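Chemist: Sharing entry-v1.cif below, mmCIF, C-alpha atoms:
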```
data_input
#
loop_
_atom_site.label_atom_id
_atom_site.label_comp_id
_atom_site.auth_asym_id
_atom_site.auth_seq_id
_atom_site.Cartn_x
_atom_site.Cartn_y
_atom_site.Cartn_z
CA MET A 1 123.98 121.66 128.97
CA GLN A 2 124.28 118.89 126.39
CA ARG A 3 121.07 117.13 127.34
CA PRO A 4 118.62 119.43 125.47
CA ALA A 5 120.65 119.22 122.25
CA LYS A 6 120.87 115.44 122.51
CA ALA A 7 117.16 115.20 123.24
CA GLY A 8 116.40 117.45 120.29
CA PHE A 9 118.54 115.33 117.97
CA LEU A 10 116.93 112.12 119.18
CA GLY A 11 113.47 113.63 118.80
CA ALA A 12 114.20 114.74 115.25
CA SER A 13 115.65 111.33 114.43
CA MET A 14 112.53 109.61 115.72
CA ILE A 15 110.30 111.90 113.63
CA LEU A 16 112.24 110.97 110.49
CA LEU A 17 112.31 107.29 111.39
CA ASN A 18 108.61 107.08 112.19
CA ALA A 19 107.42 109.10 109.18
CA LEU A 20 109.79 108.08 106.38
CA PHE A 21 111.14 104.62 107.15
CA PRO A 22 107.80 102.75 106.75
CA VAL A 23 107.24 104.44 103.36
CA LEU A 24 110.74 103.68 102.10
CA ALA A 25 110.57 100.11 103.42
CA LEU A 26 107.35 99.35 101.53
CA ILE A 27 108.71 100.84 98.31
CA LEU A 28 111.93 98.80 98.60
CA PHE A 29 109.88 95.71 99.45
CA GLY A 30 107.84 96.14 96.26
CA TRP A 31 111.05 96.59 94.25
CA ALA A 32 112.65 93.48 95.80
CA VAL A 33 109.59 91.31 95.20
CA LYS A 34 109.48 92.41 91.55
CA ARG A 35 113.19 91.63 91.20
CA ARG A 36 112.49 88.11 92.47
CA GLN A 37 109.79 87.84 89.78
CA MET A 38 107.07 87.24 92.35
CA THR A 39 105.03 90.02 90.72
CA ASP A 40 104.70 91.04 87.07
CA GLU A 41 103.51 93.97 84.96
CA ALA A 42 99.93 92.65 84.82
CA PHE A 43 99.71 92.51 88.61
CA LEU A 44 101.15 96.01 88.99
CA ARG A 45 98.73 97.47 86.43
CA THR A 46 95.80 95.83 88.22
CA SER A 47 96.91 97.05 91.65
CA ASP A 48 97.44 100.57 90.28
CA ARG A 49 93.91 100.61 88.89
CA LEU A 50 92.42 99.32 92.15
CA VAL A 51 94.24 101.99 94.16
CA TYR A 52 93.43 104.82 91.76
CA PHE A 53 89.78 104.02 91.05
CA VAL A 54 88.65 102.32 94.28
CA PHE A 55 90.76 102.37 97.42
CA PHE A 56 92.38 105.82 97.35
CA PRO A 57 89.14 107.67 96.46
CA LEU A 58 87.37 105.83 99.31
CA MET A 59 90.20 106.76 101.65
CA LEU A 60 90.01 110.44 100.68
CA PHE A 61 86.22 110.48 101.04
CA TRP A 62 86.44 108.85 104.46
CA LYS A 63 89.21 111.05 105.84
CA ILE A 64 87.76 114.33 104.55
CA GLY A 65 84.15 113.48 105.32
CA SER A 66 84.59 111.93 108.76
CA ALA A 67 85.03 115.20 110.69
CA PRO A 68 84.09 118.88 110.32
CA LEU A 69 86.72 120.91 108.51
CA GLN A 70 88.99 122.90 110.82
CA PHE A 71 90.86 125.54 108.80
CA ASN A 72 91.45 127.85 111.79
CA GLY A 73 91.98 130.77 109.43
CA ASN A 74 94.67 128.93 107.45
CA TRP A 75 92.72 128.30 104.25
CA ARG A 76 95.32 130.55 102.59
CA TYR A 77 97.58 127.51 102.20
CA LEU A 78 95.42 126.57 99.19
CA PRO A 79 96.10 129.62 96.93
CA ALA A 80 99.71 129.79 98.14
CA SER A 81 100.32 126.18 97.09
CA ALA A 82 98.55 126.64 93.76
CA LEU A 83 100.62 129.73 92.93
CA ALA A 84 103.84 127.86 93.78
CA VAL A 85 102.95 125.08 91.33
CA LEU A 86 102.07 127.61 88.60
CA ALA A 87 105.37 129.44 89.17
CA VAL A 88 107.44 126.26 88.85
CA CYS A 89 105.55 125.25 85.71
CA SER A 90 106.41 128.63 84.20
CA LEU A 91 110.07 128.37 85.22
CA SER A 92 110.32 124.89 83.73
CA LEU A 93 109.02 126.23 80.41
CA LEU A 94 111.67 128.96 80.52
CA PHE A 95 114.30 126.27 81.16
CA ILE A 96 113.02 124.31 78.14
CA ARG A 97 113.46 127.39 75.97
CA LEU A 98 116.96 128.18 77.23
CA TRP A 99 118.30 124.63 77.52
CA PRO A 100 118.48 122.28 74.51
CA VAL A 101 115.42 120.23 75.47
CA ALA A 102 113.91 118.56 72.41
CA PRO A 103 110.15 119.03 71.81
CA PHE A 104 109.79 115.25 72.18
CA GLN A 105 111.21 115.52 75.73
CA ALA A 106 109.61 118.81 76.79
CA GLY A 107 106.30 117.43 78.03
CA SER A 108 107.89 114.66 80.11
CA PHE A 109 110.42 117.08 81.60
CA ASN A 110 107.77 119.68 82.41
CA GLN A 111 105.47 117.20 84.19
CA GLY A 112 108.29 115.98 86.40
CA CYS A 113 108.93 119.51 87.70
CA TYR A 114 105.63 119.91 89.57
CA ARG A 115 103.36 116.86 89.29
CA PHE A 116 103.17 115.09 92.66
CA ASN A 117 102.86 111.56 94.03
CA THR A 118 99.71 111.60 96.14
CA TYR A 119 100.31 108.14 97.61
CA ILE A 120 103.76 108.85 99.05
CA GLY A 121 102.57 112.28 100.20
CA MET A 122 99.56 110.88 102.03
CA ALA A 123 101.58 108.08 103.64
CA VAL A 124 104.21 110.46 105.02
CA ILE A 125 101.65 113.04 106.18
CA ILE A 126 99.58 110.42 108.03
CA ASN A 127 102.72 109.11 109.75
CA ALA A 128 103.91 112.62 110.65
CA PHE A 129 100.73 114.62 111.30
CA GLY A 130 97.88 112.14 111.72
CA GLU A 131 94.28 112.43 110.60
CA ALA A 132 94.09 116.23 110.79
CA GLY A 133 97.05 116.52 108.42
CA ALA A 134 95.54 113.95 106.07
CA GLN A 135 92.32 115.96 105.90
CA LEU A 136 94.10 119.18 104.96
CA TYR A 137 96.21 117.30 102.41
CA GLY A 138 93.14 115.72 100.84
CA ILE A 139 91.54 119.14 100.35
CA LEU A 140 94.78 120.52 98.91
CA ILE A 141 95.20 117.79 96.29
CA GLY A 142 91.51 118.10 95.40
CA LEU A 143 92.29 121.68 94.36
CA ILE A 144 95.69 121.06 92.74
CA ILE A 145 94.94 117.87 90.74
CA PRO A 146 92.62 119.57 88.18
CA MET A 147 95.05 122.46 87.69
CA VAL A 148 98.05 120.16 87.26
CA ASN A 149 96.23 117.95 84.76
CA VAL A 150 95.24 120.94 82.62
CA LEU A 151 98.83 122.23 82.66
CA CYS A 152 100.39 118.87 81.83
CA VAL A 153 98.04 117.99 78.99
CA SER A 154 98.15 121.48 77.47
CA ILE A 155 101.95 121.52 77.40
CA LEU A 156 102.18 117.95 76.11
CA ILE A 157 99.76 118.82 73.29
CA TRP A 158 101.64 122.01 72.43
CA TYR A 159 105.07 120.42 72.24
CA GLY A 160 103.75 117.17 70.81
CA GLY A 161 102.46 119.04 67.80
CA ASN A 162 105.09 121.83 67.90
CA GLY A 163 102.20 124.19 68.39
CA ASN A 164 100.88 123.45 64.89
CA ASP A 165 98.06 120.99 65.51
CA ASP A 166 94.90 122.01 63.71
CA SER A 167 92.25 123.57 65.92
CA GLY A 168 89.92 120.57 65.53
CA ALA A 169 92.53 118.13 66.86
CA ARG A 170 93.44 120.43 69.75
CA GLY A 171 89.79 120.98 70.59
CA SER A 172 89.15 117.23 70.60
CA ARG A 173 92.05 116.62 72.97
CA LEU A 174 91.02 119.43 75.28
CA ARG A 175 87.44 118.12 75.40
CA LEU A 176 88.83 114.69 76.29
CA THR A 177 90.94 116.29 79.02
CA LEU A 178 87.90 118.08 80.45
CA LYS A 179 85.96 114.82 80.39
CA HIS A 180 88.75 113.05 82.29
CA LEU A 181 88.92 115.85 84.86
CA LEU A 182 85.19 115.70 85.53
CA ALA A 183 85.40 111.91 85.88
CA ASN A 184 88.62 111.90 87.94
CA PRO A 185 87.91 109.65 90.96
CA LEU A 186 90.22 111.61 93.27
CA ILE A 187 88.52 114.92 92.49
CA ILE A 188 85.08 113.36 92.90
CA ALA A 189 86.12 111.82 96.25
CA CYS A 190 87.46 115.14 97.57
CA VAL A 191 84.36 117.10 96.54
CA ALA A 192 82.07 114.42 97.96
CA GLY A 193 84.06 114.30 101.21
CA ILE A 194 83.90 118.08 101.66
CA ALA A 195 80.14 118.06 100.99
CA TYR A 196 79.59 115.19 103.43
CA SER A 197 81.73 116.90 106.07
CA ARG A 198 79.81 120.15 105.77
CA LEU A 199 76.39 118.49 105.78
CA ILE A 200 76.87 115.60 108.22
CA GLY A 201 80.44 115.31 109.51
CA ALA A 202 80.40 111.74 110.84
CA PHE A 203 79.75 108.24 109.53
CA PRO A 204 77.60 105.62 111.25
CA THR A 205 79.85 103.19 113.11
CA PRO A 206 79.37 100.20 110.72
CA VAL A 207 80.10 102.41 107.69
CA ASP A 208 83.03 104.08 109.43
CA ASN A 209 84.57 100.71 110.33
CA THR A 210 84.09 99.43 106.78
CA LEU A 211 85.70 102.49 105.18
CA LYS A 212 88.52 102.37 107.73
CA LEU A 213 89.22 98.73 106.90
CA MET A 214 89.18 99.40 103.16
CA SER A 215 91.42 102.44 103.60
CA GLN A 216 94.02 100.35 105.37
CA VAL A 217 94.64 98.52 102.10
CA THR A 218 95.32 101.69 100.15
CA LEU A 219 98.76 102.99 101.03
CA PRO A 220 100.57 99.65 101.49
CA LEU A 221 99.31 98.49 98.09
CA ALA A 222 100.12 101.83 96.44
CA LEU A 223 103.67 101.98 97.85
CA PHE A 224 104.26 98.31 97.00
CA SER A 225 103.23 99.02 93.40
CA ILE A 226 105.46 102.10 93.20
CA GLY A 227 108.44 100.01 94.25
CA GLY A 228 107.63 97.32 91.71
CA SER A 229 107.41 99.90 88.94
CA LEU A 230 110.80 101.52 89.60
CA THR A 231 113.51 100.74 87.08
CA CYS A 232 116.95 102.28 86.57
CA ALA A 233 117.26 101.09 82.96
CA ASN A 234 116.78 104.55 81.43
CA LEU A 235 118.82 106.60 83.90
CA ARG A 236 122.18 106.63 82.08
CA ASN A 237 120.96 108.32 78.89
CA ASN A 238 118.67 110.80 80.68
CA MET A 239 120.56 111.66 83.85
CA THR A 240 121.08 115.39 83.16
CA LEU A 241 117.44 116.22 82.42
CA ALA A 242 116.20 113.85 85.13
CA LEU A 243 118.32 115.62 87.74
CA ALA A 244 117.22 119.03 86.44
CA SER A 245 113.55 118.04 86.67
CA ALA A 246 114.08 116.64 90.18
CA ALA A 247 115.81 119.90 91.18
CA PHE A 248 112.75 121.89 90.11
CA LYS A 249 110.44 119.52 91.98
CA LEU A 250 112.42 119.02 95.18
CA ALA A 251 114.36 122.29 95.55
CA VAL A 252 112.80 125.12 93.53
CA LEU A 253 109.18 124.24 94.36
CA PRO A 254 109.78 123.99 98.14
CA ALA A 255 111.76 127.26 98.09
CA LEU A 256 109.06 129.14 96.20
CA GLY A 257 106.39 127.48 98.27
CA LEU A 258 108.09 128.54 101.49
CA ALA A 259 108.19 132.17 100.30
CA LEU A 260 104.53 132.14 99.24
CA LEU A 261 103.37 130.53 102.49
CA TRP A 262 105.16 133.34 104.34
CA LEU A 263 103.58 136.00 102.11
CA PHE A 264 100.12 134.50 102.67
CA GLY A 265 100.66 134.23 106.41
CA VAL A 266 100.22 130.44 106.57
CA THR A 267 101.28 128.84 109.86
CA GLY A 268 100.76 125.73 111.95
CA LEU A 269 99.61 122.41 110.55
CA ALA A 270 98.62 123.90 107.18
CA TRP A 271 102.23 125.14 106.77
CA LYS A 272 103.64 121.70 107.58
CA VAL A 273 101.26 119.91 105.20
CA SER A 274 101.98 122.37 102.40
CA MET A 275 105.75 122.06 102.78
CA LEU A 276 105.56 118.27 102.68
CA PHE A 277 103.35 118.59 99.59
CA PHE A 278 106.08 120.64 97.90
CA ALA A 279 108.82 118.17 98.92
CA GLN A 280 107.18 114.94 97.76
CA PRO A 281 108.38 113.20 94.57
CA THR A 282 106.87 113.46 91.13
CA SER A 283 103.95 111.25 90.17
CA THR A 284 104.43 107.90 88.48
CA ALA A 285 101.50 108.93 86.27
CA ILE A 286 103.80 111.13 84.18
CA TYR A 287 104.92 107.96 82.37
CA ILE A 288 101.35 107.09 81.37
CA LEU A 289 100.51 110.59 80.15
CA SER A 290 103.80 110.86 78.25
CA SER A 291 103.00 107.59 76.50
CA GLN A 292 99.45 108.65 75.63
CA LEU A 293 100.50 112.03 74.23
CA HIS A 294 103.70 110.89 72.47
CA SER A 295 106.38 112.35 74.71
CA ASP A 296 109.63 110.74 75.90
CA THR A 297 108.69 107.79 78.13
CA GLU A 298 112.34 106.91 78.82
CA LEU A 299 112.93 110.38 80.22
CA ALA A 300 109.68 110.14 82.21
CA SER A 301 110.85 106.85 83.74
CA ALA A 302 114.24 108.36 84.64
CA VAL A 303 112.56 111.40 86.21
CA ILE A 304 110.31 109.19 88.35
CA VAL A 305 113.22 107.13 89.71
CA THR A 306 115.46 110.15 90.35
CA SER A 307 112.71 112.19 92.01
CA THR A 308 111.51 109.29 94.17
CA LEU A 309 114.97 108.48 95.51
CA LEU A 310 115.99 112.10 96.15
CA SER A 311 112.62 113.04 97.69
CA PHE A 312 113.43 111.25 100.93
CA GLY A 313 116.11 113.88 101.46
CA SER A 314 113.77 116.80 100.75
CA MET A 315 110.99 115.34 102.90
CA ALA A 316 113.47 114.71 105.72
CA LEU A 317 114.51 118.38 105.66
CA VAL A 318 110.86 119.49 105.85
CA LEU A 319 110.14 117.14 108.74
CA LEU A 320 113.17 118.45 110.61
CA ALA A 321 112.02 122.03 110.05
CA ALA A 322 108.45 121.17 111.07
CA GLY A 323 109.50 119.20 114.14
#
```
Take the structure in the file and write it out as structure tokens.
Modeler:
Amino acid sequence: MQRPAKAGFLGASMILLNALFPVLALILFGWAVKRRQMTDEAFLRTSDRLVYFVFFPLMLFWKIGSAPLQFNGNWRYLPASALAVLAVCSLSLLFIRLWPVAPFQAGSFNQGCYRFNTYIGMAVIINAFGEAGAQLYGILIGLIIPMVNVLCVSILIWYGGNGNDDSGARGSRLRLTLKHLLANPLIIACVAGIAYSRLIGAFPTPVDNTLKLMSQVTLPLALFSIGGSLTCANLRNNMTLALASAAFKLAVLPALGLALLWLFGVTGLAWKVSMLFFAQPTSTAIYILSSQLHSDTELASAVIVTSTLLSFGSMALVLLAAG
């Protein structure tokens, strides 16, 4: 009678080991190499730009465009996921009002509650659910990225100016935001991949092999850079808010997401991909946006580290539930 339980435990352990260990190992490797001063800030900035503007967009275009889309009636995972993100954004704003969060910190805190790390998410989903999962994830982030950017920038602008910026300054910033959204390489890659999939659905073998080879660079380089960028220097002075932001991202968002997926009747692979999307850590890009729009970069750094470390627990729980 004990054999099935033991087999189930071993199976679950192997799922976690196969999906999460390679991601964690590459992040820790990047951190260790940076600690040994074998990489520097200039290298990390360059690798981040290459991943964001070249390799990851090509990877998304290839994975989404290489096969016809198979929603199997589960397209409802898209509005369910979007509503979960909007709900957590709203709850984080309520927390900011009720808790003594300074206006200077509000934008950084808010971003950390729902903005997501696409690189870690894609790496875990590929390891756990293969190419079909990666395709659904690519479509999901193509929808969520514009919404998240509008929310983040709007809230940063509001709190950065205490809501009193003149209309000309706000209009200029919003126009700049719209311009960045339209030129976002990840959004362009997702839209282009969907169009290619609908119209053609397969790449010629030489092109497919080339895109596959280029895509193989993407996630190792991205995870290596994430590890090199992690620093615990700002944790001590920002621990309370960093933990609160991570709780919104890794506990509240998955709980709300689970309820909304049930309400929308989402099942199967789309359910698994969505739940892993909810459980992934916050994006390292919150530091850059906080710096550009004059929010608390030390808090942003603390949120990134806290969320990244704790996310392996939340992702492990999702993988166990999905297994």
Chemist: Taking the file as shown, what set of residues would the PyMOL selection byres ((chain A and resi 215-222) around 9) give back, as number ranges by chain?
Modeler: A: 23, 26-27, 47-48, 50-52, 54-56, 58-60, 62, 119-120, 122-123, 210-214, 223-227
Chemist: Which residues are near segment 255-267 of chain A? Cut-off 6 Å, all atoms listed in the file, ignore same chain within fewer than 6 positions. Put them as a PDB file with C-alpha atoms, keeping the file's coordinate frame.
Modeler:
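As a result, part38.pdb now contains:
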```
ATOM      1  CA  ASN A  74      94.670 128.930 107.450  1.00  0.00           C
ATOM      2  CA  TYR A  77      97.580 127.510 102.200  1.00  0.00           C
ATOM      3  CA  ALA A  80      99.710 129.790  98.140  1.00  0.00           C
ATOM      4  CA  ALA A  84     103.840 127.860  93.780  1.00  0.00           C
TER       5      ALA A  84
END
```
Chemist: With distances taken over only C-alpha atoms, which of A:Leu276, A:Ala244, A:Ile64, A:Leu293 is nearest to Cys152 of chain A?
Modeler: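 Looking only at the distances to Cys152 of chain A, the closest residue turns out to be A:Leu293.
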Chemist: Just give me the gap between atom CA of Gly65 of chain A and atom CA of Ala19 of chain A in Å, one decimal is fine.
Modeler: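 Distance reported for this atom pair: 24.0 Å.
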Chemist: Looking at all atoms listed in the file, which of A:Val252, A:Leu78, A:Val148, A:Leu319 is the one that sits closest to Asn18 of chain A?
Modeler: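 Smallest separation from Asn18 of chain A among the options: A:Leu319.
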Chemist: Write out as a list of chain:residue names each polymer residue whose atoms come within 10 Å of Ile144 of chain A, counting only C-alpha atoms; drop sequence neighbours fewer than 2 positions from it.
Modeler: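 Here the answer would be A:Leu78, A:Pro79, A:Ser81, A:Ala82, A:Leu83, A:Val85, A:Arg115, A:Phe116, A:Ile139, A:Leu140, A:Ile141, A:Gly142, A:Pro146, A:Met147, A:Val148, A:Asn149, A:Ile187.
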Chemist: I'd like to know which of A:Gln292, A:Ser274, A:Ser154, A:Asn184 is closest to Pro57 of chain A, using all atoms listed in the file.
Modeler: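 Once distances to Pro57 of chain A are computed over all atoms listed in the file, the minimum belongs to A:Asn184.
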Chemist: As AutoDock Vina command-line options, please: the centre and edge lengths in Å, to one decimal, of an axis-aligned box enclosing every listed atom of segment 147-153 of chain A with 6 Å added on each side.
Modeler:
```
--center_x 97.7 --center_y 120.2 --center_z 83.3 --size_x 17.3 --size_y 16.5 --size_z 20.7
```
Chemist: Rounded to one decimal, what separation in Å do you get between atom CA of Ala42 of chain A and atom CA of Gly30 of chain A?
Modeler: 14.3 Å
Chemist: What's around Phe53 of chain A at 8 Å? Count all atoms listed in the file, leave out sequence neighbours fewer than 4 positions away in its own chain, and write the answer as a short mmCIF file (atom, residue, chain, number, x, y, z; two decimals) with C-alpha atoms, in the coordinates of the input.
Modeler:
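Wrote around_22.cif, looks like this:
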```
data_model
loop_
_atom_site.label_atom_id
_atom_site.label_comp_id
_atom_site.auth_asym_id
_atom_site.auth_seq_id
_atom_site.Cartn_x
_atom_site.Cartn_y
_atom_site.Cartn_z
CA ARG A 49 93.91 100.61 88.89
CA PRO A 57 89.14 107.67 96.46
CA PRO A 185 87.91 109.65 90.96
CA LEU A 186 90.22 111.61 93.27
#
```
Chemist: With the PyMOL selection byres ((chain A and resi 300-302) around 10) as the selection, what would be picked from this file? Answer as a ChimeraX atom specification, please.
Modeler: /A:105,107-112,229-243,245-246,282-291,295-299,303-308
Chemist: Please output segment 267-290 of chain A, rebuilt to include N, CA and C atoms, as a tab-separated table (two decimals), keeping the file's coordinate frame.
Modeler:
```tsv
chain	number	residue	atom	x	y	z
A	267	THR	N	100.52	129.35	108.72
A	267	THR	CA	101.28	128.84	109.86
A	267	THR	C	100.70	127.50	110.30
A	268	GLY	N	101.30	126.92	111.31
A	268	GLY	CA	100.76	125.73	111.95
A	268	GLY	C	100.73	124.51	111.07
A	269	LEU	N	99.71	123.68	111.26
A	269	LEU	CA	99.61	122.41	110.55
A	269	LEU	C	99.48	122.61	109.05
A	270	ALA	N	98.77	123.64	108.61
A	270	ALA	CA	98.62	123.90	107.18
A	270	ALA	C	99.99	124.18	106.54
A	271	TRP	N	100.87	124.89	107.26
A	271	TRP	CA	102.23	125.14	106.77
A	271	TRP	C	103.00	123.83	106.62
A	272	LYS	N	102.91	122.97	107.62
A	272	LYS	CA	103.64	121.70	107.58
A	272	LYS	C	103.15	120.81	106.44
A	273	VAL	N	101.83	120.73	106.27
A	273	VAL	CA	101.26	119.91	105.20
A	273	VAL	C	101.67	120.44	103.83
A	274	SER	N	101.62	121.76	103.68
A	274	SER	CA	101.98	122.37	102.40
A	274	SER	C	103.45	122.12	102.06
A	275	MET	N	104.33	122.27	103.04
A	275	MET	CA	105.75	122.06	102.78
A	275	MET	C	106.06	120.61	102.42
A	276	LEU	N	105.37	119.67	103.06
A	276	LEU	CA	105.56	118.27	102.68
A	276	LEU	C	104.98	118.00	101.29
A	277	PHE	N	103.91	118.68	100.95
A	277	PHE	CA	103.35	118.59	99.59
A	277	PHE	C	104.39	119.04	98.56
A	278	PHE	N	105.07	120.15	98.83
A	278	PHE	CA	106.08	120.64	97.90
A	278	PHE	C	107.26	119.67	97.78
A	279	ALA	N	107.60	118.99	98.88
A	279	ALA	CA	108.82	118.17	98.92
A	279	ALA	C	108.63	116.74	98.45
A	280	GLN	N	107.40	116.33	98.16
A	280	GLN	CA	107.18	114.94	97.76
A	280	GLN	C	107.60	114.71	96.31
A	281	PRO	N	107.86	113.47	95.91
A	281	PRO	CA	108.38	113.20	94.57
A	281	PRO	C	107.32	113.38	93.49
A	282	THR	N	107.79	113.34	92.25
A	282	THR	CA	106.87	113.46	91.13
A	282	THR	C	106.02	112.21	90.98
A	283	SER	N	104.91	112.35	90.31
A	283	SER	CA	103.95	111.25	90.17
A	283	SER	C	104.42	110.21	89.16
A	284	THR	N	104.15	108.96	89.45
A	284	THR	CA	104.43	107.90	88.48
A	284	THR	C	103.51	108.00	87.27
A	285	ALA	N	102.43	108.77	87.39
A	285	ALA	CA	101.50	108.93	86.27
A	285	ALA	C	102.09	109.72	85.11
A	286	ILE	N	103.23	110.39	85.30
A	286	ILE	CA	103.80	111.13	84.18
A	286	ILE	C	104.23	110.18	83.06
A	287	TYR	N	104.55	108.94	83.41
A	287	TYR	CA	104.92	107.96	82.37
A	287	TYR	C	103.71	107.64	81.49
A	288	ILE	N	102.56	107.45	82.12
A	288	ILE	CA	101.35	107.09	81.37
A	288	ILE	C	100.94	108.22	80.44
A	289	LEU	N	100.93	109.45	80.96
A	289	LEU	CA	100.51	110.59	80.15
A	289	LEU	C	101.51	110.86	79.02
A	290	SER	N	102.79	110.69	79.30
A	290	SER	CA	103.80	110.86	78.25
A	290	SER	C	103.60	109.84	77.13
```
